[in-house]
Amino acid sequence: KGDSMCLLIAKKEGIKIPFPHVEEGYRSNKDAASFAYIRGGQLQIYKTLDPDPKKFYEAYEQADLDDAFVMMHFRLASHGEKDEENCHPFLVNPKLCFSHNGIFRLDCPDKTKSDTWHFNEVLKKLPEDWHKHPELWWLVETAIGYSKVVFLHADGWFKIVGENAGHWSEDNKIWYSNTSYKTYPPVYPAYPQFSRTQLDNYRDTYDYGGGKYFPGINDDMAVEDLDDVTEYFSTS
């Protein structure tokens, strides 16, 4: 779904992240999920590797966060093990954490750890109040490059790096790092010979990369489109 590779969500006060967005974000980025917020001047972080979006959403609702800033993340692993240690957000120090969508271009000597884990090891070496110094921010933002990152501090401060590369909801209260929370028409039953993952990959390739519509969205799609799908899987 476009520039997926994890989904990062940041919501302001006075709104709840809709369950369908969580459910689809979970399905598209299935390796881990988390949310972080501030309560009593302390960072609160919930992480899970459980593949059930309903359990995750129940934990989110039970935390009663409608009137709080929330940073939510769904991981699609590109580097490192699929474990809780590589699950976002990462603690830079006890009062500052961040989550990430993208790939950091840096050396990753520990192959069991993600690129984000390695990036955090660099941030840990900075002064604890580095986020208050413009010159250090410039260095960090330069290192982040085209990635999207949300930082959250225990004093309530937050910052979205790469904000313009994502998008806000119509009411300007929820920011999404990409479109992998969106659902698509239920076209899959027309192609039972292919798995949902295969059809997702085909759709992603041609909807966004090749400019073709995904076969089945329109009822009058020609039979030759099904031949295109078959040829795609036979040669991929």
# chains A, B, ... in the order shown; residues from 1 in each chain; ligands from 1
>>> closest_atom_pairs(of="segment 21-92 of chain A", to="segment 166-177 of chain A", cutoff="12 Å", atoms="only C-alpha atoms", output="JSON lines")
{"residue": "A:His21", "atom": "CA", "partner": "A:Tyr176", "partner_atom": "CA", "distance": 10.0}
{"residue": "A:Val22", "atom": "CA", "partner": "A:Tyr176", "partner_atom": "CA", "distance": 11.3}
{"residue": "A:Gly25", "atom": "CA", "partner": "A:Tyr176", "partner_atom": "CA", "distance": 10.4}
{"residue": "A:Asp66", "atom": "CA", "partner": "A:Lys173", "partner_atom": "CA", "distance": 11.3}
{"residue": "A:Asp67", "atom": "CA", "partner": "A:Lys173", "partner_atom": "CA", "distance": 11.5}
{"residue": "A:Ala68", "atom": "CA", "partner": "A:Lys173", "partner_atom": "CA", "distance": 11.5}
{"residue": "A:Phe69", "atom": "CA", "partner": "A:Ile174", "partner_atom": "CA", "distance": 9.8}
{"residue": "A:Val70", "atom": "CA", "partner": "A:Ile174", "partner_atom": "CA", "distance": 9.5}
{"residue": "A:Met71", "atom": "CA", "partner": "A:Trp175", "partner_atom": "CA", "distance": 9.6}
{"residue": "A:Met72", "atom": "CA", "partner": "A:Tyr176", "partner_atom": "CA", "distance": 9.6}
{"residue": "A:His73", "atom": "CA", "partner": "A:Ser177", "partner_atom": "CA", "distance": 9.8}
{"residue": "A:Phe74", "atom": "CA", "partner": "A:Ser177", "partner_atom": "CA", "distance": 10.8}
>>> residues_around(residues="Val149 of chain A", least_positions_apart="2", cutoff="7 Å", atoms="only C-alpha atoms", output="number ranges by chain")
A: 98-101, 147, 151, 160-162
>>> select_by_dssp(residues="segment 36-205 of chain A", states="strand (DSSP E or B)", output="JSON, numbers by chain")
{"A": [36, 37, 38, 39, 42, 43, 44, 45, 46, 47, 48, 70, 71, 72, 73, 74, 75, 90, 91, 92, 93, 96, 97, 98, 99, 100, 101, 148, 149, 150, 151, 152, 153, 158, 159, 160, 161, 167, 168, 174, 175, 176]}
>>> closest_residue(among="A:Pro127, A:Pro134, A:Ile144, A:Val92", to="Asp115 of chain A", atoms="only C-alpha atoms")
A:Ile144
>>> closest_residue(among="A:Thr179, A:Asn93, A:Thr48, A:Gln42", to="Val122 of chain A", atoms="only C-alpha atoms")
A:Asn93
>>> closest_residue(among="A:Arg105, A:Lys12, A:Lys159, A:Arg39", to="Phe119 of chain A", atoms="only C-alpha atoms")
A:Arg105
>>> closest_residue(among="A:Ala165, A:Ala154, A:Ala143, A:Ala32", to="Glu81 of chain A", atoms="only C-alpha atoms")
A:Ala32
>>> residues_around(residues="Glu23 of chain A", least_positions_apart="6", cutoff="8 Å", atoms="only C-alpha atoms", output="tab-separated table (two decimals) with N, CA and C atoms, in the first residue's frame")
chain	number	residue	atom	x	y	z
A	53	PRO	N	-5.87	-7.84	16.43
A	53	PRO	CA	-6.09	-6.39	16.56
A	53	PRO	C	-7.16	-6.03	17.58
A	54	LYS	N	-8.11	-6.94	17.83
A	54	LYS	CA	-9.16	-6.64	18.79
A	54	LYS	C	-8.59	-6.54	20.21
A	181	TYR	N	-3.35	2.08	6.50
A	181	TYR	CA	-4.50	1.90	7.39
A	181	TYR	C	-5.80	1.87	6.59
>>> residues_around(residues="Tyr57 of chain A", least_positions_apart="3", cutoff="12 Å", atoms="only C-alpha atoms", output="CSV table (one decimal) with N, CA, C and O atoms, in the first residue's frame")
chain,number,residue,atom,x,y,z
A,16,LYS,N,-10.5,9.6,19.0
A,16,LYS,CA,-10.1,8.2,19.2
A,16,LYS,C,-9.7,7.7,17.8
A,16,LYS,O,-10.4,8.0,16.8
A,17,ILE,N,-8.6,7.0,17.7
A,17,ILE,CA,-8.2,6.4,16.5
A,17,ILE,C,-9.2,5.3,16.1
A,17,ILE,O,-9.5,4.4,16.9
A,18,PRO,N,-9.9,5.3,14.9
A,18,PRO,CA,-10.9,4.4,14.6
A,18,PRO,C,-10.4,2.9,14.5
A,18,PRO,O,-9.3,2.7,14.1
A,19,PHE,N,-11.2,2.0,15.0
A,19,PHE,CA,-10.8,0.6,15.0
A,19,PHE,C,-10.5,0.1,13.6
A,19,PHE,O,-9.5,-0.6,13.4
A,20,PRO,N,-11.3,0.4,12.5
A,20,PRO,CA,-11.0,-0.1,11.2
A,20,PRO,C,-9.6,0.4,10.8
A,20,PRO,O,-8.9,-0.4,10.0
A,21,HIS,N,-9.1,1.5,11.2
A,21,HIS,CA,-7.7,1.9,10.8
A,21,HIS,C,-6.7,1.1,11.6
A,21,HIS,O,-5.7,0.7,11.0
A,22,VAL,N,-7.0,0.8,12.8
A,22,VAL,CA,-6.1,-0.1,13.6
A,22,VAL,C,-6.1,-1.5,13.0
A,22,VAL,O,-5.0,-2.1,12.8
A,23,GLU,N,-7.3,-2.0,12.7
A,23,GLU,CA,-7.4,-3.4,12.1
A,23,GLU,C,-6.6,-3.5,10.8
A,23,GLU,O,-5.9,-4.5,10.6
A,25,GLY,N,-4.3,-1.4,9.7
A,25,GLY,CA,-2.8,-1.2,9.9
A,25,GLY,C,-2.2,-2.4,10.5
A,25,GLY,O,-1.0,-2.7,10.1
A,26,TYR,N,-2.9,-3.2,11.3
A,26,TYR,CA,-2.4,-4.4,11.9
A,26,TYR,C,-2.2,-5.4,10.8
A,26,TYR,O,-1.2,-6.1,10.8
A,33,ALA,N,2.9,-4.4,17.4
A,33,ALA,CA,2.1,-3.2,17.5
A,33,ALA,C,2.3,-2.5,18.9
A,33,ALA,O,2.7,-3.2,19.8
A,34,SER,N,2.1,-1.2,18.9
A,34,SER,CA,2.4,-0.5,20.2
A,34,SER,C,1.6,0.8,20.2
A,34,SER,O,1.2,1.3,19.2
A,35,PHE,N,1.5,1.4,21.4
A,35,PHE,CA,1.1,2.8,21.5
A,35,PHE,C,1.8,3.3,22.8
A,35,PHE,O,2.1,2.6,23.7
A,46,TYR,N,2.8,0.6,25.7
A,46,TYR,CA,2.2,-0.8,25.5
A,46,TYR,C,2.7,-1.4,24.2
A,46,TYR,O,2.6,-0.8,23.2
A,47,LYS,N,3.3,-2.6,24.3
A,47,LYS,CA,3.8,-3.3,23.2
A,47,LYS,C,3.2,-4.7,23.1
A,47,LYS,O,3.0,-5.3,24.2
A,48,THR,N,3.0,-5.2,21.9
A,48,THR,CA,2.5,-6.6,21.8
A,48,THR,C,3.0,-7.2,20.5
A,48,THR,O,3.1,-6.5,19.5
A,50,ASP,N,1.1,-10.0,19.7
A,50,ASP,CA,-0.1,-10.7,19.5
A,50,ASP,C,-0.7,-10.3,18.2
A,50,ASP,O,-0.9,-9.1,18.0
A,51,PRO,N,-1.1,-11.2,17.3
A,51,PRO,CA,-1.6,-10.8,16.0
A,51,PRO,C,-3.1,-10.4,16.0
A,51,PRO,O,-3.6,-10.2,15.0
A,52,ASP,N,-3.7,-10.4,17.2
A,52,ASP,CA,-5.1,-10.1,17.3
A,52,ASP,C,-5.4,-8.5,17.5
A,52,ASP,O,-5.1,-8.0,18.5
A,53,PRO,N,-5.9,-7.8,16.4
A,53,PRO,CA,-6.1,-6.4,16.6
A,53,PRO,C,-7.2,-6.0,17.6
A,53,PRO,O,-7.1,-5.0,18.2
A,54,LYS,N,-8.1,-6.9,17.8
A,54,LYS,CA,-9.2,-6.6,18.8
A,54,LYS,C,-8.6,-6.5,20.2
A,54,LYS,O,-9.0,-5.7,21.0
A,60,TYR,N,-6.0,-0.4,24.1
A,60,TYR,CA,-6.0,1.1,23.8
A,60,TYR,C,-7.2,1.8,24.4
A,60,TYR,O,-7.1,2.8,25.1
A,61,GLU,N,-8.4,1.2,24.3
A,61,GLU,CA,-9.6,1.7,24.9
A,61,GLU,C,-9.6,1.8,26.4
A,61,GLU,O,-10.0,2.7,27.0
A,62,GLN,N,-9.0,0.7,27.0
A,62,GLN,CA,-9.0,0.6,28.4
A,62,GLN,C,-8.1,1.7,29.1
A,62,GLN,O,-8.3,2.1,30.2
A,63,ALA,N,-7.1,2.1,28.3
A,63,ALA,CA,-6.2,3.2,28.8
A,63,ALA,C,-6.9,4.5,28.8
A,63,ALA,O,-6.3,5.5,29.4
A,64,ASP,N,-8.0,4.7,28.2
A,64,ASP,CA,-8.8,5.9,28.2
A,64,ASP,C,-8.0,7.1,27.8
A,64,ASP,O,-7.7,8.0,28.5
A,65,LEU,N,-7.7,7.1,26.5
A,65,LEU,CA,-6.8,8.1,25.9
A,65,LEU,C,-7.4,9.1,24.9
A,65,LEU,O,-6.7,9.7,24.2
A,72,MET,N,1.1,5.8,18.0
A,72,MET,CA,0.8,4.3,17.7
A,72,MET,C,1.7,3.8,16.6
A,72,MET,O,1.9,4.6,15.6
>>> select_by_dssp(residues="segment 63-122 of chain A", states="helix (DSSP H, G or I)", output="short mmCIF file (atom, residue, chain, number, x, y, z; two decimals) with all heavy atoms, in the first residue's frame")
data_model
loop_
_atom_site.label_atom_id
_atom_site.label_comp_id
_atom_site.auth_asym_id
_atom_site.auth_seq_id
_atom_site.Cartn_x
_atom_site.Cartn_y
_atom_site.Cartn_z
N GLU A 84 10.07 -8.42 20.80
CA GLU A 84 9.66 -7.21 21.51
C GLU A 84 10.78 -6.19 21.60
O GLU A 84 10.54 -4.99 21.64
CB GLU A 84 9.16 -7.57 22.90
CG GLU A 84 8.49 -6.40 23.61
CD GLU A 84 7.69 -6.81 24.84
OE1 GLU A 84 6.97 -7.82 24.77
OE2 GLU A 84 7.81 -6.09 25.85
N GLU A 85 12.03 -6.67 21.60
CA GLU A 85 13.15 -5.73 21.70
C GLU A 85 13.24 -4.83 20.46
O GLU A 85 13.73 -3.71 20.55
CB GLU A 85 14.46 -6.50 21.88
CG GLU A 85 15.62 -5.62 22.29
CD GLU A 85 16.84 -6.40 22.72
OE1 GLU A 85 16.81 -7.65 22.66
OE2 GLU A 85 17.84 -5.78 23.11
N ASN A 86 12.77 -5.32 19.33
CA ASN A 86 12.76 -4.53 18.11
C ASN A 86 11.42 -3.84 17.86
O ASN A 86 11.22 -3.22 16.82
CB ASN A 86 13.10 -5.41 16.90
CG ASN A 86 14.58 -5.75 16.84
OD1 ASN A 86 15.42 -4.87 16.96
ND2 ASN A 86 14.90 -7.03 16.66
N ASP A 115 17.33 -1.61 12.16
CA ASP A 115 18.01 -0.34 11.88
C ASP A 115 17.57 0.74 12.88
O ASP A 115 18.38 1.58 13.28
CB ASP A 115 17.73 0.12 10.45
CG ASP A 115 16.24 0.21 10.15
OD1 ASP A 115 15.55 -0.81 10.28
OD2 ASP A 115 15.76 1.31 9.78
N THR A 116 16.30 0.67 13.33
CA THR A 116 15.81 1.66 14.30
C THR A 116 16.48 1.46 15.65
O THR A 116 16.83 2.42 16.34
CB THR A 116 14.28 1.56 14.45
OG1 THR A 116 13.68 1.56 13.16
CG2 THR A 116 13.74 2.73 15.25
N TRP A 117 16.71 0.21 16.04
CA TRP A 117 17.42 -0.10 17.29
C TRP A 117 18.82 0.49 17.23
O TRP A 117 19.29 1.13 18.19
CB TRP A 117 17.49 -1.60 17.50
CG TRP A 117 18.15 -2.03 18.77
CD1 TRP A 117 17.55 -2.29 19.97
CD2 TRP A 117 19.56 -2.24 18.98
NE1 TRP A 117 18.48 -2.64 20.91
CE2 TRP A 117 19.72 -2.62 20.34
CE3 TRP A 117 20.69 -2.14 18.17
CZ2 TRP A 117 20.98 -2.90 20.87
CZ3 TRP A 117 21.94 -2.41 18.71
CH2 TRP A 117 22.08 -2.79 20.05
N HIS A 118 19.51 0.30 16.10
CA HIS A 118 20.86 0.83 15.95
C HIS A 118 20.86 2.37 15.98
O HIS A 118 21.76 2.99 16.55
CB HIS A 118 21.50 0.33 14.65
CG HIS A 118 21.97 -1.09 14.73
ND1 HIS A 118 21.15 -2.16 14.44
CD2 HIS A 118 23.17 -1.61 15.07
CE1 HIS A 118 21.83 -3.29 14.59
NE2 HIS A 118 23.06 -2.99 14.98
N PHE A 119 19.86 2.98 15.37
CA PHE A 119 19.77 4.44 15.37
C PHE A 119 19.59 4.94 16.80
O PHE A 119 20.17 5.96 17.20
CB PHE A 119 18.60 4.90 14.50
CG PHE A 119 18.48 6.37 14.34
CD1 PHE A 119 19.33 7.06 13.48
CD2 PHE A 119 17.52 7.10 15.03
CE1 PHE A 119 19.24 8.45 13.33
CE2 PHE A 119 17.42 8.47 14.89
CZ PHE A 119 18.28 9.16 14.03
N ASN A 120 18.79 4.24 17.59
CA ASN A 120 18.57 4.64 18.97
C ASN A 120 19.86 4.55 19.79
O ASN A 120 20.08 5.35 20.70
CB ASN A 120 17.49 3.77 19.61
CG ASN A 120 17.08 4.28 20.98
OD1 ASN A 120 16.91 5.49 21.18
ND2 ASN A 120 16.91 3.38 21.93
N GLU A 121 20.72 3.58 19.48
CA GLU A 121 21.99 3.47 20.17
C GLU A 121 22.84 4.73 19.95
O GLU A 121 23.60 5.13 20.83
CB GLU A 121 22.74 2.23 19.70
CG GLU A 121 22.09 0.92 20.12
CD GLU A 121 21.92 0.80 21.63
OE1 GLU A 121 22.96 0.73 22.34
OE2 GLU A 121 20.76 0.80 22.11
N VAL A 122 22.70 5.35 18.79
CA VAL A 122 23.40 6.61 18.51
C VAL A 122 22.78 7.74 19.33
O VAL A 122 23.49 8.54 19.96
CB VAL A 122 23.34 6.95 17.00
CG1 VAL A 122 23.98 8.31 16.74
CG2 VAL A 122 24.04 5.87 16.19
#
>>> atom_distance(atom1="atom CA of Lys95 of chain A", atom2="atom CA of His133 of chain A")
16.2 Å
>>> atom_distance(atom1="atom CA of Asn178 of chain A", atom2="atom CA of Cys87 of chain A")
18.5 Å
>>> atom_distance(atom1="atom CA of Lys124 of chain A", atom2="atom CA of Pro109 of chain A")
17.0 Å
>>> decode(residues="segment 12-23 of chain A", atoms="N, CA, C and O atoms", output="PDB file, in the first residue's frame")
ATOM      1  N   LYS A  12      -3.956  13.743  18.216  1.00  0.00           N
ATOM      2  CA  LYS A  12      -4.069  14.820  19.190  1.00  0.00           C
ATOM      3  C   LYS A  12      -5.167  14.502  20.208  1.00  0.00           C
ATOM      4  O   LYS A  12      -5.833  13.466  20.126  1.00  0.00           O
ATOM      5  N   GLU A  13      -5.352  15.417  21.136  1.00  0.00           N
ATOM      6  CA  GLU A  13      -6.405  15.256  22.140  1.00  0.00           C
ATOM      7  C   GLU A  13      -7.778  15.410  21.506  1.00  0.00           C
ATOM      8  O   GLU A  13      -7.951  16.089  20.504  1.00  0.00           O
ATOM      9  N   GLY A  14      -8.774  14.763  22.124  1.00  0.00           N
ATOM     10  CA  GLY A  14     -10.159  14.961  21.718  1.00  0.00           C
ATOM     11  C   GLY A  14     -10.652  14.054  20.611  1.00  0.00           C
ATOM     12  O   GLY A  14     -11.670  14.358  19.978  1.00  0.00           O
ATOM     13  N   ILE A  15      -9.986  12.937  20.385  1.00  0.00           N
ATOM     14  CA  ILE A  15     -10.411  12.027  19.327  1.00  0.00           C
ATOM     15  C   ILE A  15      -9.878  10.627  19.620  1.00  0.00           C
ATOM     16  O   ILE A  15      -8.904  10.461  20.362  1.00  0.00           O
ATOM     17  N   LYS A  16     -10.540   9.640  19.030  1.00  0.00           N
ATOM     18  CA  LYS A  16     -10.107   8.249  19.172  1.00  0.00           C
ATOM     19  C   LYS A  16      -9.700   7.726  17.798  1.00  0.00           C
ATOM     20  O   LYS A  16     -10.370   8.003  16.794  1.00  0.00           O
ATOM     21  N   ILE A  17      -8.611   6.973  17.729  1.00  0.00           N
ATOM     22  CA  ILE A  17      -8.206   6.354  16.475  1.00  0.00           C
ATOM     23  C   ILE A  17      -9.235   5.281  16.128  1.00  0.00           C
ATOM     24  O   ILE A  17      -9.512   4.404  16.947  1.00  0.00           O
ATOM     25  N   PRO A  18      -9.852   5.330  14.946  1.00  0.00           N
ATOM     26  CA  PRO A  18     -10.916   4.371  14.606  1.00  0.00           C
ATOM     27  C   PRO A  18     -10.396   2.931  14.538  1.00  0.00           C
ATOM     28  O   PRO A  18      -9.285   2.681  14.057  1.00  0.00           O
ATOM     29  N   PHE A  19     -11.210   2.004  15.014  1.00  0.00           N
ATOM     30  CA  PHE A  19     -10.810   0.599  14.990  1.00  0.00           C
ATOM     31  C   PHE A  19     -10.504   0.093  13.579  1.00  0.00           C
ATOM     32  O   PHE A  19      -9.529  -0.649  13.395  1.00  0.00           O
ATOM     33  N   PRO A  20     -11.297   0.440  12.540  1.00  0.00           N
ATOM     34  CA  PRO A  20     -10.950  -0.058  11.196  1.00  0.00           C
ATOM     35  C   PRO A  20      -9.552   0.351  10.751  1.00  0.00           C
ATOM     36  O   PRO A  20      -8.888  -0.403  10.031  1.00  0.00           O
ATOM     37  N   HIS A  21      -9.087   1.505  11.182  1.00  0.00           N
ATOM     38  CA  HIS A  21      -7.738   1.940  10.832  1.00  0.00           C
ATOM     39  C   HIS A  21      -6.703   1.092  11.562  1.00  0.00           C
ATOM     40  O   HIS A  21      -5.655   0.748  10.998  1.00  0.00           O
ATOM     41  N   VAL A  22      -6.997   0.770  12.811  1.00  0.00           N
ATOM     42  CA  VAL A  22      -6.111  -0.102  13.583  1.00  0.00           C
ATOM     43  C   VAL A  22      -6.102  -1.510  12.992  1.00  0.00           C
ATOM     44  O   VAL A  22      -5.048  -2.117  12.814  1.00  0.00           O
ATOM     45  N   GLU A  23      -7.273  -2.017  12.669  1.00  0.00           N
ATOM     46  CA  GLU A  23      -7.379  -3.372  12.128  1.00  0.00           C
ATOM     47  C   GLU A  23      -6.615  -3.511  10.813  1.00  0.00           C
ATOM     48  O   GLU A  23      -5.870  -4.472  10.610  1.00  0.00           O
TER      49      GLU A  23
END
